[in-house]
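**Student:** Next up, protein.csv (CSV, C-alpha atoms).
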chain,number,residue,atom,x,y,z
A,1,MET,CA,51.1,-33.1,-18.2
A,2,GLU,CA,47.7,-33.3,-20.0
A,3,THR,CA,47.1,-36.6,-21.8
A,4,PRO,CA,45.7,-36.7,-25.4
A,5,ARG,CA,42.4,-38.0,-24.0
A,6,GLU,CA,42.1,-35.2,-21.5
A,7,SER,CA,43.0,-32.7,-24.2
A,8,ALA,CA,40.3,-34.1,-26.5
A,9,HIS,CA,37.8,-34.0,-23.7
A,10,ALA,CA,38.7,-30.3,-22.9
A,11,GLU,CA,38.3,-29.4,-26.6
A,12,GLY,CA,34.9,-31.2,-26.7
A,13,GLU,CA,33.7,-29.3,-23.6
A,14,GLY,CA,34.9,-26.0,-25.1
A,15,GLY,CA,33.0,-26.7,-28.3
A,16,ARG,CA,29.8,-27.5,-26.4
A,17,ALA,CA,30.3,-24.3,-24.4
A,18,TYR,CA,30.4,-22.2,-27.6
A,19,LEU,CA,27.4,-24.1,-28.9
A,20,PHE,CA,25.4,-23.3,-25.7
A,21,MET,CA,26.5,-19.7,-25.9
A,22,LEU,CA,25.2,-19.5,-29.5
A,23,VAL,CA,21.9,-20.8,-28.4
A,24,SER,CA,21.9,-18.3,-25.5
A,25,SER,CA,22.7,-15.5,-28.0
A,26,LEU,CA,19.8,-16.5,-30.2
A,27,GLY,CA,17.6,-16.8,-27.2
A,28,PHE,CA,18.3,-13.2,-26.0
A,29,ALA,CA,18.1,-11.8,-29.5
A,30,SER,CA,14.7,-13.6,-29.8
A,31,MET,CA,13.7,-12.1,-26.5
A,32,GLY,CA,14.5,-8.6,-28.0
A,33,ALA,CA,12.4,-9.4,-31.1
A,34,PHE,CA,9.4,-10.6,-29.1
A,35,SER,CA,9.7,-7.6,-26.8
A,36,HIS,CA,9.7,-5.1,-29.7
A,37,LEU,CA,6.7,-6.9,-31.3
A,38,ALA,CA,4.9,-6.9,-28.0
A,39,GLY,CA,5.8,-3.3,-27.4
A,40,GLU,CA,4.0,-2.4,-30.6
A,41,ARG,CA,0.8,-3.9,-29.1
A,42,CYS,CA,1.0,-3.0,-25.4
A,43,ASP,CA,2.8,-0.7,-22.9
A,44,TRP,CA,6.4,-1.5,-22.3
A,45,HIS,CA,5.8,-1.9,-18.5
A,46,ILE,CA,3.6,-4.9,-19.3
A,47,VAL,CA,6.5,-6.4,-21.3
A,48,ALA,CA,8.9,-5.9,-18.5
A,49,VAL,CA,6.6,-7.6,-16.0
A,50,ALA,CA,6.0,-10.5,-18.3
A,51,ARG,CA,9.7,-11.1,-18.7
A,52,SER,CA,10.4,-10.9,-14.9
A,53,LEU,CA,7.4,-12.9,-13.8
A,54,LEU,CA,7.7,-15.8,-16.3
A,55,ALA,CA,11.5,-16.0,-15.7
A,56,PHE,CA,10.8,-16.2,-11.9
A,57,VAL,CA,8.3,-19.0,-12.3
A,58,PHE,CA,10.5,-21.0,-14.7
A,59,THR,CA,13.7,-20.6,-12.6
A,60,LEU,CA,12.0,-21.2,-9.3
A,61,THR,CA,10.4,-24.4,-10.6
A,62,LEU,CA,13.8,-25.5,-12.0
A,63,SER,CA,15.6,-24.7,-8.7
A,64,LEU,CA,13.0,-26.6,-6.6
A,65,LEU,CA,13.1,-29.6,-9.0
A,66,THR,CA,16.9,-29.8,-8.8
A,67,GLY,CA,17.1,-29.3,-5.1
A,68,VAL,CA,18.9,-26.0,-5.2
A,69,ARG,CA,19.2,-24.2,-1.9
A,70,LEU,CA,17.4,-20.9,-2.3
A,71,VAL,CA,18.4,-17.7,-0.5
A,72,LEU,CA,16.4,-14.6,0.4
A,73,PHE,CA,17.9,-12.1,2.9
A,74,ARG,CA,21.6,-13.1,2.9
A,75,PRO,CA,24.2,-12.4,1.6
A,76,ALA,CA,23.7,-8.7,1.3
A,77,LEU,CA,25.7,-8.5,-2.0
A,78,LEU,CA,22.9,-10.6,-3.5
A,79,TRP,CA,20.5,-7.8,-2.9
A,80,MET,CA,22.9,-5.4,-4.6
A,81,ARG,CA,22.8,-7.6,-7.7
A,82,SER,CA,19.1,-8.0,-7.7
A,83,ALA,CA,18.4,-4.3,-7.1
A,84,ALA,CA,20.7,-3.2,-9.8
A,85,GLY,CA,19.5,-5.9,-12.1
A,86,SER,CA,15.9,-5.0,-11.5
A,87,LEU,CA,16.5,-1.4,-12.5
A,88,GLY,CA,18.3,-2.8,-15.5
A,89,VAL,CA,15.2,-4.7,-16.6
A,90,LEU,CA,13.2,-1.5,-16.7
A,91,PHE,CA,15.9,0.3,-18.7
A,92,ALA,CA,16.3,-2.7,-21.0
A,93,PHE,CA,12.7,-3.1,-21.9
A,94,TYR,CA,12.1,0.6,-22.4
A,95,SER,CA,15.0,0.5,-24.9
A,96,LEU,CA,13.9,-2.7,-26.6
A,97,THR,CA,10.4,-1.4,-27.2
A,98,HIS,CA,11.5,2.0,-28.5
A,99,LEU,CA,14.7,1.3,-30.5
A,100,PRO,CA,15.6,-1.1,-33.3
A,101,ILE,CA,16.5,-4.3,-31.4
A,102,SER,CA,20.0,-4.4,-32.9
A,103,THR,CA,20.7,-0.9,-31.7
A,104,SER,CA,19.4,-1.6,-28.2
A,105,VAL,CA,21.3,-4.9,-27.9
A,106,THR,CA,24.5,-3.3,-29.1
A,107,LEU,CA,24.3,-0.5,-26.6
A,108,SER,CA,23.3,-2.9,-23.8
A,109,ASN,CA,26.4,-5.0,-24.6
A,110,THR,CA,28.8,-2.2,-23.6
A,111,VAL,CA,29.0,-3.8,-20.2
A,112,PRO,CA,32.8,-4.6,-20.5
A,113,LEU,CA,33.4,-0.9,-21.0
A,114,TRP,CA,31.6,0.0,-17.8
A,115,VAL,CA,33.0,-2.9,-15.8
A,116,THR,CA,36.5,-1.8,-16.7
A,117,LEU,CA,35.8,1.7,-15.6
A,118,LEU,CA,34.2,0.6,-12.3
A,119,ALA,CA,37.0,-1.9,-11.6
A,120,TRP,CA,39.3,1.0,-10.9
A,121,PRO,CA,37.4,2.7,-8.0
A,122,VAL,CA,35.8,-0.6,-6.7
A,123,LEU,CA,38.5,-3.2,-7.2
A,124,GLY,CA,41.5,-1.0,-7.4
A,125,GLN,CA,42.4,-2.2,-10.9
A,126,ARG,CA,43.6,0.9,-12.8
A,127,PRO,CA,43.1,0.6,-16.6
A,128,ARG,CA,46.3,0.7,-18.8
A,129,PRO,CA,46.7,3.1,-21.7
A,130,SER,CA,45.6,0.4,-24.2
A,131,VAL,CA,42.4,-0.2,-22.2
A,132,TRP,CA,41.7,3.6,-22.1
A,133,ALA,CA,42.0,3.5,-25.9
A,134,ALA,CA,39.5,0.6,-26.1
A,135,ILE,CA,37.1,2.5,-23.9
A,136,GLY,CA,37.5,5.7,-26.0
A,137,THR,CA,36.9,3.7,-29.2
A,138,GLY,CA,33.7,2.1,-27.7
A,139,LEU,CA,32.4,5.5,-26.6
A,140,ALA,CA,33.0,6.8,-30.2
A,141,GLY,CA,30.9,3.9,-31.5
A,142,ILE,CA,28.1,4.8,-29.1
A,143,VAL,CA,28.0,8.4,-30.4
A,144,LEU,CA,27.8,7.1,-34.0
A,145,ILE,CA,25.0,4.6,-33.2
A,146,GLN,CA,22.7,7.2,-31.6
A,147,ARG,CA,20.5,9.3,-34.0
A,148,PRO,CA,20.5,12.8,-32.6
A,149,GLU,CA,17.7,13.9,-34.8
A,150,ALA,CA,15.2,11.6,-32.9
A,151,VAL,CA,14.6,12.8,-29.4
A,152,GLY,CA,12.7,9.7,-28.4
A,153,ASP,CA,15.5,7.5,-29.7
A,154,ARG,CA,18.0,9.5,-27.7
A,155,LEU,CA,16.1,8.7,-24.5
A,156,ALA,CA,15.9,5.0,-25.4
A,157,ALA,CA,19.6,5.0,-26.2
A,158,LEU,CA,20.4,6.4,-22.8
A,159,THR,CA,18.2,3.8,-21.1
A,160,ALA,CA,20.1,1.0,-23.0
A,161,LEU,CA,23.4,2.4,-21.7
A,162,ALA,CA,21.9,2.7,-18.2
A,163,HIS,CA,21.0,-1.0,-18.5
A,164,ALA,CA,24.6,-1.8,-19.4
A,165,PHE,CA,25.8,0.3,-16.4
A,166,SER,CA,23.4,-1.4,-14.0
A,167,THR,CA,24.5,-4.8,-15.3
A,168,SER,CA,28.2,-3.9,-14.7
A,169,LEU,CA,27.3,-3.0,-11.1
A,170,SER,CA,25.7,-6.4,-10.7
A,171,MET,CA,28.8,-8.1,-12.1
A,172,ILE,CA,31.1,-6.2,-9.8
A,173,GLY,CA,29.1,-7.3,-6.8
A,174,LEU,CA,28.9,-10.9,-8.0
A,175,ASN,CA,32.6,-11.0,-8.4
A,176,ARG,CA,32.7,-10.9,-4.6
A,177,LEU,CA,29.9,-13.3,-4.1
A,178,GLY,CA,30.7,-17.0,-3.6
A,179,GLY,CA,29.0,-20.1,-2.3
A,180,VAL,CA,25.6,-19.3,-3.9
A,181,ASP,CA,24.4,-21.5,-6.8
A,182,ALA,CA,23.9,-19.5,-10.0
A,183,ARG,CA,20.3,-20.8,-10.3
A,184,ALA,CA,19.5,-19.4,-6.8
A,185,VAL,CA,21.0,-16.1,-7.8
A,186,VAL,CA,18.9,-15.9,-11.0
A,187,THR,CA,15.7,-17.0,-9.0
A,188,HIS,CA,16.4,-14.2,-6.4
A,189,PHE,CA,17.0,-11.6,-9.1
A,190,SER,CA,13.9,-12.6,-11.1
A,191,GLY,CA,11.7,-12.5,-7.9
A,192,VAL,CA,13.0,-9.0,-7.0
A,193,ALA,CA,12.6,-7.8,-10.6
A,194,THR,CA,9.0,-9.1,-10.6
A,195,VAL,CA,8.2,-7.0,-7.6
A,196,VAL,CA,10.0,-3.9,-8.9
A,197,THR,CA,8.4,-4.1,-12.4
A,198,LEU,CA,5.0,-4.7,-11.0
A,199,ALA,CA,5.4,-1.6,-8.7
A,200,PHE,CA,6.3,0.5,-11.7
A,201,LEU,CA,3.4,-0.9,-13.7
A,202,LEU,CA,1.0,0.0,-10.9
A,203,GLY,CA,2.6,3.4,-10.6
A,204,ALA,CA,1.9,4.1,-14.2
A,205,GLY,CA,-1.8,4.1,-13.3
A,206,GLY,CA,-4.4,4.9,-16.0
A,207,ARG,CA,-1.7,5.4,-18.7
A,208,VAL,CA,-1.6,1.6,-19.2
A,209,ASP,CA,-4.2,-0.1,-21.3
A,210,TYR,CA,-4.8,-3.5,-19.9
A,211,SER,CA,-7.5,-4.4,-22.4
A,212,VAL,CA,-4.7,-5.6,-24.8
A,213,LEU,CA,-4.3,-8.6,-22.5
A,214,ASN,CA,-7.5,-10.0,-23.9
A,215,ASP,CA,-5.7,-10.4,-27.3
A,216,GLY,CA,-4.3,-13.9,-27.8
A,217,ALA,CA,-1.5,-12.7,-30.1
A,218,THR,CA,-0.3,-10.2,-27.5
A,219,LEU,CA,-0.3,-12.9,-24.8
A,220,GLY,CA,1.6,-15.2,-27.1
A,221,LEU,CA,4.3,-12.6,-27.7
A,222,LEU,CA,4.6,-11.9,-24.0
A,223,PHE,CA,4.9,-15.6,-23.3
A,224,GLY,CA,7.6,-15.7,-26.0
A,225,VAL,CA,9.5,-13.0,-24.1
A,226,GLY,CA,9.6,-15.1,-21.0
A,227,VAL,CA,10.4,-18.4,-22.6
A,228,SER,CA,13.2,-17.0,-24.9
A,229,ALA,CA,14.7,-15.1,-21.9
A,230,THR,CA,14.8,-18.3,-19.8
A,231,VAL,CA,16.3,-20.4,-22.6
A,232,GLY,CA,19.0,-17.7,-23.1
A,233,GLN,CA,19.7,-17.6,-19.4
A,234,LEU,CA,19.9,-21.4,-18.9
A,235,ALA,CA,22.0,-21.9,-22.1
A,236,MET,CA,24.4,-19.1,-20.9
A,237,THR,CA,24.7,-20.6,-17.5
A,238,LYS,CA,25.6,-24.0,-19.1
A,239,ALA,CA,28.1,-22.4,-21.4
A,240,PHE,CA,30.0,-20.7,-18.6
A,241,ALA,CA,30.0,-24.0,-16.6
A,242,LEU,CA,31.8,-25.7,-19.6
A,243,GLY,CA,34.1,-23.2,-21.1
A,244,ASN,CA,36.5,-20.3,-20.4
A,245,PRO,CA,34.4,-17.4,-19.2
A,246,SER,CA,36.3,-14.7,-21.2
A,247,ARG,CA,36.2,-16.6,-24.5
A,248,VAL,CA,32.6,-17.7,-24.0
A,249,SER,CA,31.6,-14.0,-23.3
A,250,VAL,CA,32.9,-13.0,-26.7
A,251,VAL,CA,30.7,-15.6,-28.4
A,252,GLY,CA,27.8,-14.0,-26.5
A,253,LEU,CA,28.3,-10.9,-28.7
A,254,MET,CA,26.7,-13.0,-31.5
A,255,GLN,CA,23.3,-11.8,-30.1
A,256,ILE,CA,24.1,-8.5,-31.8
A,257,VAL,CA,24.4,-10.3,-35.2
A,258,PHE,CA,21.2,-12.2,-34.6
A,259,ALA,CA,19.4,-8.9,-33.6
A,260,LEU,CA,20.7,-7.3,-36.8
A,261,LEU,CA,19.3,-10.2,-38.9
A,262,PHE,CA,15.9,-9.9,-37.1
A,263,ASP,CA,15.8,-6.1,-37.9
A,264,LEU,CA,16.6,-6.7,-41.5
A,265,LEU,CA,14.2,-9.7,-42.0
A,266,PHE,CA,11.2,-8.7,-40.0
A,267,TRP,CA,11.3,-4.9,-40.0
A,268,LYS,CA,13.2,-4.3,-43.2
A,269,ARG,CA,15.3,-1.7,-41.5
A,270,GLN,CA,18.3,-0.3,-43.2
A,271,PHE,CA,21.4,0.9,-41.4
A,272,GLY,CA,23.6,3.7,-42.7
A,273,PRO,CA,27.4,3.5,-42.7
A,274,PRO,CA,27.7,5.6,-39.5
A,275,VAL,CA,25.5,3.1,-37.5
A,276,VAL,CA,27.3,0.1,-38.9
A,277,LEU,CA,30.7,1.6,-38.1
A,278,GLY,CA,29.4,2.5,-34.6
A,279,ILE,CA,28.4,-1.1,-34.0
A,280,ALA,CA,31.8,-2.3,-35.1
A,281,LEU,CA,33.5,0.2,-32.8
A,282,VAL,CA,31.5,-1.0,-29.8
A,283,VAL,CA,31.8,-4.8,-30.6
A,284,GLY,CA,35.5,-4.8,-31.2
A,285,PRO,CA,36.7,-3.2,-28.0
A,286,SER,CA,34.0,-5.0,-26.0
A,287,ALA,CA,35.4,-8.4,-27.3
A,288,TRP,CA,38.9,-7.4,-26.5
A,289,LEU,CA,38.1,-6.2,-23.0
A,290,MET,CA,36.1,-9.5,-22.4
A,291,LEU,CA,39.2,-11.5,-23.3
A,292,ARG,CA,41.3,-9.6,-20.7
A,293,SER,CA,38.4,-8.9,-18.3
A,294,PRO,CA,39.3,-8.7,-14.5
A,295,LEU,CA,36.0,-10.5,-13.8
A,296,ARG,CA,36.5,-14.1,-15.0
A,297,ARG,CA,34.6,-16.0,-12.4
A,298,GLN,CA,31.1,-17.5,-12.6
A,299,SER,CA,29.5,-14.1,-12.1
A,300,ALA,CA,29.4,-13.7,-15.8
A,301,ALA,CA,27.1,-16.7,-15.9
A,302,VAL,CA,24.2,-14.8,-14.4
A,303,HIS,CA,24.5,-11.8,-16.7
A,304,THR,CA,21.6,-11.4,-19.1
A,305,THR,CA,20.3,-8.9,-21.5
A,306,GLY,CA,17.2,-7.8,-19.7
In structure tokens, what does this structure look like?
**Tutor:**
Amino acid sequence: METPRESAHAEGEGGRAYLFMLVSSLGFASMGAFSHLAGERCDWHIVAVARSLLAFVFTLTLSLLTGVRLVLFRPALLWMRSAAGSLGVLFAFYSLTHLPISTSVTLSNTVPLWVTLLAWPVLGQRPRPSVWAAIGTGLAGIVLIQRPEAVGDRLAALTALAHAFSTSLSMIGLNRLGGVDARAVVTHFSGVATVVTLAFLLGAGGRVDYSVLNDGATLGLLFGVGVSATVGQLAMTKAFALGNPSRVSVVGLMQIVFALLFDLLFWKRQFGPPVVLGIALVVGPSAWLMLRSPLRRQSAAVHTTG
């Protein structure tokens, strides 16, 4: 039987977990804001490289300083996570630089919907009727969020959903991955993502204007992308180490609220009733699915927006 002291300690740890997750949510929302601002000054490929490269430098340094055992070739599932996550970075930053950040973040947080769908063929966990209803509600919200009159926005919305889908693939793989420190997983992913985003940047050729890198403000925004992403990742890892993964994940949806505030404060964007309703229809089922998610292990701790 749990003693009063143990109960108080558990409550204190849970409170700290929620606080760390709020910091993480603010960090990832800030990353979205920095990315959108940087995307107004330079090509989105450069923003994606900055996020991956700086995160790799920061997490590698942290891993080396804390004596974490790094991995490279094995286990194979780690490469599945890193490959899917690297494609997700490309999708995420195209979306973040072409959509209002609140819209991009909301669509990217449909991960629970895709995880639930993938859990059927991959893990053999067939959704119940109530889960199908939640998925249908979330998909209805996605339709309301998209603005069909803007062709560019439609493409960016699709890449945000592709980011969520690739993240769900990563989480499915990580659910079967054990014995590897989360910091080593993040370092491996960031390293692979750096190579992939650099390859896409070089493949873009003459379409990318590198002269913008001579501008101090642009460099400052790119640095902000890397720092805020790393803060968000570290705070989220700490949150999942302290609290119940499912409940902590729900707190992570606060990044949508922070992103909405940034859109209103910095870009003076107004959202019509259909978009607001769509966001609610995505957030509600996502929160419910997180609380009953089949993936409740530490794999969630290495999930990140972008």
**Student:** Rounded to one decimal in Å, what is the spacing between CA of Thr66 in chain A and CA of Ala235 in chain A?
**Tutor:**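 Answer for the CA of Thr66 in chain A to CA of Ala235 in chain A separation: 16.3 Å.
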**Student:** Quick check, in Å to one decimal: how far apart do CA of His163 in chain A and CA of Ser211 in chain A lie?
**Tutor:**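 Computing it gives 29.0 Å between the two atoms.
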**Student:** Can you work out which one of A:Ile101, A:Ala29, A:Leu22, A:Leu118 has the shortest atom-to-atom distance to Val225 in chain A, counting all atoms listed in the file?
**Tutor:** A:Ala29
**Student:** Arg269 in chain A: which residues within 12 Å, counting only C-alpha atoms, same-chain residues fewer than 6 positions away excluded, as a list of chain:residue names?
**Tutor:**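 Close residues of Arg269 in chain A: A:Leu99, A:Pro100, A:Ile101, A:Ser102, A:Thr103, A:Ala259, A:Leu260, A:Leu261, A:Phe262, A:Asp263, A:Val275.
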**Student:** Would you mind listing what lies within 7 Å of Ala134 in chain A as a PDB file with C-alpha atoms, in the coordinates of the input, with all atoms listed in the file counted and same-chain residues fewer than 4 positions away left out?
**Tutor:**
ATOM      1  CA  SER A 130      45.600   0.400 -24.200  1.00  0.00           C
ATOM      2  CA  GLY A 138      33.700   2.100 -27.700  1.00  0.00           C
ATOM      3  CA  PRO A 285      36.700  -3.200 -28.000  1.00  0.00           C
TER       4      PRO A 285
END
